[in-house]
Amino acid sequence: MTSKSTIRLENIDLEELKRGCKITIENAEEMIEEADILINNKRFARAYTLYQLGIEEVGKSNLLLQLIFDLKIGRKVDAKALNKEFKFHQAKSKSSIVFEKAALLLMLSTSQEGSAQERVKQFFEESEKVDKENANMLNDNKNKSLYVGIENGKFISPKYIITTEMALNLRTKALIRTKAAKGLLEGFLNDIDTLTSAMKNLEDQGKQVDSDMVKGFFKD
């Protein structure tokens with residue numbers, strides 16, 4: 001008998017995958033809204049939990065989007081790795097990073113402050129910081145925000161580990177990634193055929209998204 005918890009994303013049809021992208025973002029938004037209620041009542045530890053779970057849901061939407069592209073372009077899908085990532089907290093957290101970088105690209109490429117060269121430099125510096133995010137640490141903090149732990153031989157409650165600053169900083173990340181994901185996914189899914197055709201053309205020409213392509217977004 002197959003376990004109900006077994007995930008087989010490769011067996012889900014495209015329309016349902018598209019719906020999955022949308023409802024994971026909706027769920028992330030709800031988690032953030034509920035975390036804000038906790039923040040307003042100074043329950044920072046459990047707010048942290050929900051913000052991090054919201055980030056993971058955003059990452060899940062990116063995994064689904066990538067699967068849609070792979071299926072439409074005809075790439076071979078590593079089903080075992082994909083299904084594992086879909087359940088693995090750190091993998092989903094890392095997957096969400098793409099949306100924060102997209103938000104950075106949009107913000108800096110449309111800014112009127114500084115030259116194009118300066119803004120390109122800032123984009124790559126900020127992107128590098130995002131890439132260095134420690135998903136294991138975020139997951140550990142999520143667990144610490146839920147359970148009593150032990151430090152230096154003493155039991156310690158989540159409320160003494162998760163600070164106000166930690167919760168608010170994570171809230172900012174969750175909001176940025178969720179809003180960027182919602183906007184991008186809406187555009188992608190509404191015109192998925194045009195986008196996949198463009199991606200296929202890039203692949204056929206042996207091109208990929210690189211620093212030169214990113215620089216093309218910046219104008220003086």
# chains A, B, ... in the order shown; residues from 1 in each chain; ligands from 1
>>> residues_around(residues="segment 5-17 of chain A", least_positions_apart="3", cutoff="10 Å", atoms="only C-alpha atoms", output="mmCIF file with C-alpha atoms, in the first residue's frame")
data_model
loop_
_atom_site.group_PDB
_atom_site.id
_atom_site.type_symbol
_atom_site.label_atom_id
_atom_site.label_comp_id
_atom_site.auth_asym_id
_atom_site.auth_seq_id
_atom_site.Cartn_x
_atom_site.Cartn_y
_atom_site.Cartn_z
ATOM 1 C CA THR A 2 1.307 3.442 -0.924
ATOM 2 C CA GLY A 20 -0.098 24.333 -6.612
ATOM 3 C CA CYS A 21 2.106 27.357 -7.333
ATOM 4 C CA LYS A 22 -0.761 29.693 -6.539
ATOM 5 C CA ILE A 23 -2.037 28.052 -3.377
ATOM 6 C CA SER A 61 6.180 27.379 -5.294
ATOM 7 C CA LEU A 64 6.776 23.622 -8.742
ATOM 8 C CA LEU A 65 7.435 26.376 -11.273
ATOM 9 C CA LEU A 67 9.033 21.473 -12.715
ATOM 10 C CA ILE A 68 6.469 23.119 -15.013
ATOM 11 C CA PHE A 69 9.267 24.607 -17.117
ATOM 12 C CA LEU A 71 8.069 19.388 -18.362
ATOM 13 C CA LYS A 72 7.104 21.919 -21.017
ATOM 14 C CA VAL A 77 13.260 15.414 -14.443
ATOM 15 C CA ASP A 78 15.142 13.875 -11.523
ATOM 16 C CA ALA A 79 11.950 12.822 -9.757
ATOM 17 C CA LYS A 80 13.695 11.363 -6.707
ATOM 18 C CA LEU A 82 12.670 16.789 -6.726
ATOM 19 C CA ASN A 83 10.329 14.942 -4.372
ATOM 20 C CA LYS A 84 12.989 14.958 -1.666
ATOM 21 C CA PHE A 86 9.767 19.312 -1.833
ATOM 22 C CA LYS A 87 9.770 17.816 1.683
ATOM 23 C CA LEU A 189 1.638 31.368 -15.331
#
>>> select_by_dssp(residues="segment 70-215 of chain A", states="strand (DSSP E or B)", output="PyMOL selection string")
chain A and resi 149-151+154-156
>>> atom_distance(atom1="atom CA of Tyr51 of chain A", atom2="atom CA of Met137 of chain A")
14.3 Å
>>> residues_around(residues="segment 138-155 of chain A", least_positions_apart="3", cutoff="10 Å", atoms="only C-alpha atoms", output="compact mmCIF listing (two decimals) with N, CA and C atoms, in the first residue's frame")
# COMPACT_ATOMS: atom_id res chain seq x y z
N PHE A 44 6.83 36.60 19.92
CA PHE A 44 7.83 36.64 18.86
C PHE A 44 8.34 35.26 18.46
N ALA A 45 8.43 34.34 19.41
CA ALA A 45 8.97 33.02 19.09
C ALA A 45 8.10 32.30 18.06
N ARG A 46 6.80 32.22 18.34
CA ARG A 46 5.91 31.50 17.41
C ARG A 46 5.67 32.29 16.12
N ALA A 47 5.79 33.61 16.19
CA ALA A 47 5.72 34.40 14.96
C ALA A 47 6.88 34.02 14.05
N TYR A 48 8.06 33.85 14.65
CA TYR A 48 9.23 33.44 13.89
C TYR A 48 8.95 32.12 13.16
N THR A 49 8.33 31.19 13.87
CA THR A 49 7.99 29.89 13.27
C THR A 49 7.20 30.07 11.98
N LEU A 50 6.16 30.87 12.05
CA LEU A 50 5.27 31.04 10.90
C LEU A 50 5.94 31.80 9.77
N TYR A 51 6.77 32.79 10.09
CA TYR A 51 7.47 33.50 9.04
C TYR A 51 8.39 32.55 8.27
N GLN A 52 9.09 31.69 9.01
CA GLN A 52 10.00 30.75 8.34
C GLN A 52 9.22 29.71 7.53
N LEU A 53 8.10 29.25 8.06
CA LEU A 53 7.28 28.31 7.30
C LEU A 53 6.73 28.96 6.04
N GLU A 56 9.36 28.89 3.45
CA GLU A 56 9.46 27.55 2.87
C GLU A 56 8.35 27.30 1.85
N HIS A 89 13.09 20.88 4.44
CA HIS A 89 12.89 22.27 4.86
C HIS A 89 13.99 23.20 4.33
N GLN A 90 15.25 22.78 4.47
CA GLN A 90 16.34 23.64 4.04
C GLN A 90 16.33 23.87 2.54
N SER A 93 13.74 26.45 1.73
CA SER A 93 14.19 27.78 2.16
C SER A 93 15.17 28.36 1.14
N GLU A 133 22.96 32.98 2.73
CA GLU A 133 22.00 32.70 3.80
C GLU A 133 22.15 31.25 4.27
N ASN A 134 22.17 31.07 5.56
CA ASN A 134 22.36 29.74 6.15
C ASN A 134 21.01 29.09 6.42
N ALA A 135 20.60 28.22 5.50
CA ALA A 135 19.29 27.57 5.62
C ALA A 135 19.23 26.65 6.83
N PRO A 158 11.76 28.88 24.26
CA PRO A 158 11.87 29.63 23.00
C PRO A 158 11.81 31.14 23.17
N LYS A 159 11.01 31.61 24.11
CA LYS A 159 10.84 33.06 24.26
C LYS A 159 12.11 33.76 24.72
N TYR A 160 13.08 32.98 25.23
CA TYR A 160 14.35 33.56 25.64
C TYR A 160 15.44 33.38 24.57
N ILE A 161 15.10 32.71 23.49
CA ILE A 161 16.05 32.48 22.39
C ILE A 161 15.74 33.38 21.20
N ILE A 162 14.45 33.42 20.82
CA ILE A 162 14.04 34.20 19.66
C ILE A 162 13.77 35.64 20.08
N THR A 163 14.59 36.54 19.60
CA THR A 163 14.45 37.95 19.98
C THR A 163 13.45 38.67 19.07
N MET A 166 15.12 39.24 15.72
CA MET A 166 15.16 38.05 14.87
C MET A 166 13.83 37.85 14.14
N ALA A 167 12.75 38.01 14.88
CA ALA A 167 11.42 37.81 14.30
C ALA A 167 11.11 38.88 13.24
N LEU A 170 13.18 38.39 10.04
CA LEU A 170 12.65 37.29 9.23
C LEU A 170 11.34 37.69 8.57
>>> closest_residue(among="A:Leu108, A:Ile73, A:Ile39, A:Ile55", to="Ser197 of chain A", atoms="only C-alpha atoms")
A:Ile73
>>> residues_around(residues="Leu185 of chain A", least_positions_apart="3", cutoff="12 Å", atoms="only C-alpha atoms", output="ChimeraX atom specification")
/A:18-26,58,61-66,68,99,102,177-182,188-192,195
>>> residues_around(residues="segment 212-219 of chain A", least_positions_apart="3", cutoff="10 Å", atoms="only C-alpha atoms", output="MDAnalysis selection string")
chainID A and resid 105:106 108:112 115:121 123:124 207:209
>>> write_last_selection(atoms="C-alpha atoms", output="PDB file, in the first residue's frame")
ATOM      1  CA  LEU A 105      16.917  43.186  -9.533  1.00  0.00           C
ATOM      2  CA  LEU A 106      13.641  45.015 -10.046  1.00  0.00           C
ATOM      3  CA  LEU A 108      17.869  48.426  -8.360  1.00  0.00           C
ATOM      4  CA  SER A 109      17.385  48.272 -12.135  1.00  0.00           C
ATOM      5  CA  THR A 110      14.518  50.786 -11.946  1.00  0.00           C
ATOM      6  CA  SER A 111      16.135  53.050  -9.362  1.00  0.00           C
ATOM      7  CA  GLN A 112      17.155  56.572 -10.349  1.00  0.00           C
ATOM      8  CA  SER A 115      24.780  55.187 -12.248  1.00  0.00           C
ATOM      9  CA  ALA A 116      23.890  51.899 -13.918  1.00  0.00           C
ATOM     10  CA  GLN A 117      27.382  50.611 -13.130  1.00  0.00           C
ATOM     11  CA  GLU A 118      27.000  51.465  -9.433  1.00  0.00           C
ATOM     12  CA  ARG A 119      23.607  49.792  -9.241  1.00  0.00           C
ATOM     13  CA  VAL A 120      24.879  46.665 -11.010  1.00  0.00           C
ATOM     14  CA  LYS A 121      27.702  46.457  -8.463  1.00  0.00           C
ATOM     15  CA  PHE A 123      22.961  44.167  -7.080  1.00  0.00           C
ATOM     16  CA  PHE A 124      25.745  41.585  -7.223  1.00  0.00           C
ATOM     17  CA  LYS A 207      22.879  30.608 -23.740  1.00  0.00           C
ATOM     18  CA  GLN A 208      22.062  30.954 -20.057  1.00  0.00           C
ATOM     19  CA  VAL A 209      21.218  33.687 -17.595  1.00  0.00           C
TER      20      VAL A 209
END
>>> select_by_dssp(residues="chain A", states="alpha helix (DSSP H)", output="MDAnalysis selection string")
chainID A and resid 14:40 44:73 79:87 89:95 97:109 116:131 135:144 164:190 192:204 211:215
>>> atom_distance(atom1="atom CA of Leu38 of chain A", atom2="atom CA of Ile97 of chain A")
24.8 Å
>>> atom_distance(atom1="atom CA of Glu30 of chain A", atom2="atom CA of Ser95 of chain A")
19.5 Å
>>> closest_residue(among="A:Ser211, A:Thr172, A:Asn40, A:Asn136", to="Ala91 of chain A", atoms="only C-alpha atoms")
A:Asn136
>>> decode(residues="segment 38-135 of chain A", atoms="C-alpha atoms", output="JSON list (two decimals), in the first residue's frame")
[["chain", "number", "residue", "atom", "x", "y", "z"],
["A", 38, "LEU", "CA", 1.37, 37.05, 17.12],
["A", 39, "ILE", "CA", 3.88, 39.89, 16.68],
["A", 40, "ASN", "CA", 1.22, 42.42, 17.69],
["A", 41, "ASN", "CA", 0.70, 40.37, 20.86],
["A", 42, "LYS", "CA", 4.45, 40.14, 21.50],
["A", 43, "ARG", "CA", 4.58, 36.38, 20.79],
["A", 44, "PHE", "CA", 7.83, 36.64, 18.86],
["A", 45, "ALA", "CA", 8.97, 33.02, 19.09],
["A", 46, "ARG", "CA", 5.91, 31.50, 17.41],
["A", 47, "ALA", "CA", 5.72, 34.40, 14.96],
["A", 48, "TYR", "CA", 9.23, 33.44, 13.89],
["A", 49, "THR", "CA", 7.99, 29.89, 13.27],
["A", 50, "LEU", "CA", 5.27, 31.04, 10.90],
["A", 51, "TYR", "CA", 7.47, 33.50, 9.04],
["A", 52, "GLN", "CA", 10.00, 30.75, 8.34],
["A", 53, "LEU", "CA", 7.28, 28.31, 7.30],
["A", 54, "GLY", "CA", 5.94, 30.99, 4.96],
["A", 55, "ILE", "CA", 9.39, 31.31, 3.39],
["A", 56, "GLU", "CA", 9.46, 27.55, 2.87],
["A", 57, "GLU", "CA", 6.08, 27.67, 1.14],
["A", 58, "VAL", "CA", 7.45, 30.34, -1.20],
["A", 59, "GLY", "CA", 10.37, 28.04, -1.98],
["A", 60, "LYS", "CA", 7.92, 25.24, -2.68],
["A", 61, "SER", "CA", 6.18, 27.38, -5.29],
["A", 62, "ASN", "CA", 9.53, 27.88, -7.06],
["A", 63, "LEU", "CA", 10.18, 24.14, -7.12],
["A", 64, "LEU", "CA", 6.78, 23.62, -8.74],
["A", 65, "LEU", "CA", 7.44, 26.38, -11.27],
["A", 66, "GLN", "CA", 10.75, 24.82, -12.22],
["A", 67, "LEU", "CA", 9.03, 21.47, -12.71],
["A", 68, "ILE", "CA", 6.47, 23.12, -15.01],
["A", 69, "PHE", "CA", 9.27, 24.61, -17.12],
["A", 70, "ASP", "CA", 11.15, 21.30, -17.24],
["A", 71, "LEU", "CA", 8.07, 19.39, -18.36],
["A", 72, "LYS", "CA", 7.10, 21.92, -21.02],
["A", 73, "ILE", "CA", 10.64, 22.25, -22.38],
["A", 74, "GLY", "CA", 11.14, 18.50, -22.32],
["A", 75, "ARG", "CA", 14.02, 18.34, -19.85],
["A", 76, "LYS", "CA", 14.60, 15.11, -17.99],
["A", 77, "VAL", "CA", 13.26, 15.41, -14.44],
["A", 78, "ASP", "CA", 15.14, 13.88, -11.52],
["A", 79, "ALA", "CA", 11.95, 12.82, -9.76],
["A", 80, "LYS", "CA", 13.70, 11.36, -6.71],
["A", 81, "ALA", "CA", 15.66, 14.55, -6.03],
["A", 82, "LEU", "CA", 12.67, 16.79, -6.73],
["A", 83, "ASN", "CA", 10.33, 14.94, -4.37],
["A", 84, "LYS", "CA", 12.99, 14.96, -1.67],
["A", 85, "GLU", "CA", 13.51, 18.73, -2.02],
["A", 86, "PHE", "CA", 9.77, 19.31, -1.83],
["A", 87, "LYS", "CA", 9.77, 17.82, 1.68],
["A", 88, "PHE", "CA", 13.20, 19.05, 2.85],
["A", 89, "HIS", "CA", 12.89, 22.27, 4.86],
["A", 90, "GLN", "CA", 16.34, 23.64, 4.04],
["A", 91, "ALA", "CA", 15.93, 22.98, 0.31],
["A", 92, "LYS", "CA", 12.64, 24.90, 0.24],
["A", 93, "SER", "CA", 14.19, 27.78, 2.16],
["A", 94, "LYS", "CA", 17.07, 27.98, -0.34],
["A", 95, "SER", "CA", 14.62, 27.74, -3.24],
["A", 96, "SER", "CA", 12.85, 30.89, -2.03],
["A", 97, "ILE", "CA", 16.05, 32.95, -2.41],
["A", 98, "VAL", "CA", 15.42, 33.39, -6.14],
["A", 99, "PHE", "CA", 12.44, 35.65, -5.41],
["A", 100, "GLU", "CA", 14.40, 37.95, -3.09],
["A", 101, "LYS", "CA", 17.06, 38.31, -5.81],
["A", 102, "ALA", "CA", 14.34, 39.05, -8.36],
["A", 103, "ALA", "CA", 13.00, 41.78, -6.06],
["A", 104, "LEU", "CA", 16.52, 43.21, -5.76],
["A", 105, "LEU", "CA", 16.92, 43.19, -9.53],
["A", 106, "LEU", "CA", 13.64, 45.01, -10.05],
["A", 107, "MET", "CA", 14.31, 47.58, -7.32],
["A", 108, "LEU", "CA", 17.87, 48.43, -8.36],
["A", 109, "SER", "CA", 17.38, 48.27, -12.14],
["A", 110, "THR", "CA", 14.52, 50.79, -11.95],
["A", 111, "SER", "CA", 16.14, 53.05, -9.36],
["A", 112, "GLN", "CA", 17.16, 56.57, -10.35],
["A", 113, "GLU", "CA", 19.86, 56.75, -7.68],
["A", 114, "GLY", "CA", 23.42, 56.25, -8.89],
["A", 115, "SER", "CA", 24.78, 55.19, -12.25],
["A", 116, "ALA", "CA", 23.89, 51.90, -13.92],
["A", 117, "GLN", "CA", 27.38, 50.61, -13.13],
["A", 118, "GLU", "CA", 27.00, 51.47, -9.43],
["A", 119, "ARG", "CA", 23.61, 49.79, -9.24],
["A", 120, "VAL", "CA", 24.88, 46.67, -11.01],
["A", 121, "LYS", "CA", 27.70, 46.46, -8.46],
["A", 122, "GLN", "CA", 25.22, 46.85, -5.61],
["A", 123, "PHE", "CA", 22.96, 44.17, -7.08],
["A", 124, "PHE", "CA", 25.74, 41.59, -7.22],
["A", 125, "GLU", "CA", 26.96, 42.48, -3.72],
["A", 126, "GLU", "CA", 23.45, 42.17, -2.25],
["A", 127, "SER", "CA", 22.79, 38.97, -4.21],
["A", 128, "GLU", "CA", 25.95, 37.44, -2.84],
["A", 129, "LYS", "CA", 24.78, 38.17, 0.70],
["A", 130, "VAL", "CA", 21.44, 36.50, -0.01],
["A", 131, "ASP", "CA", 23.18, 33.46, -1.49],
["A", 132, "LYS", "CA", 25.16, 33.06, 1.74],
["A", 133, "GLU", "CA", 22.00, 32.70, 3.80],
["A", 134, "ASN", "CA", 22.36, 29.74, 6.15],
["A", 135, "ALA", "CA", 19.29, 27.57, 5.62]]
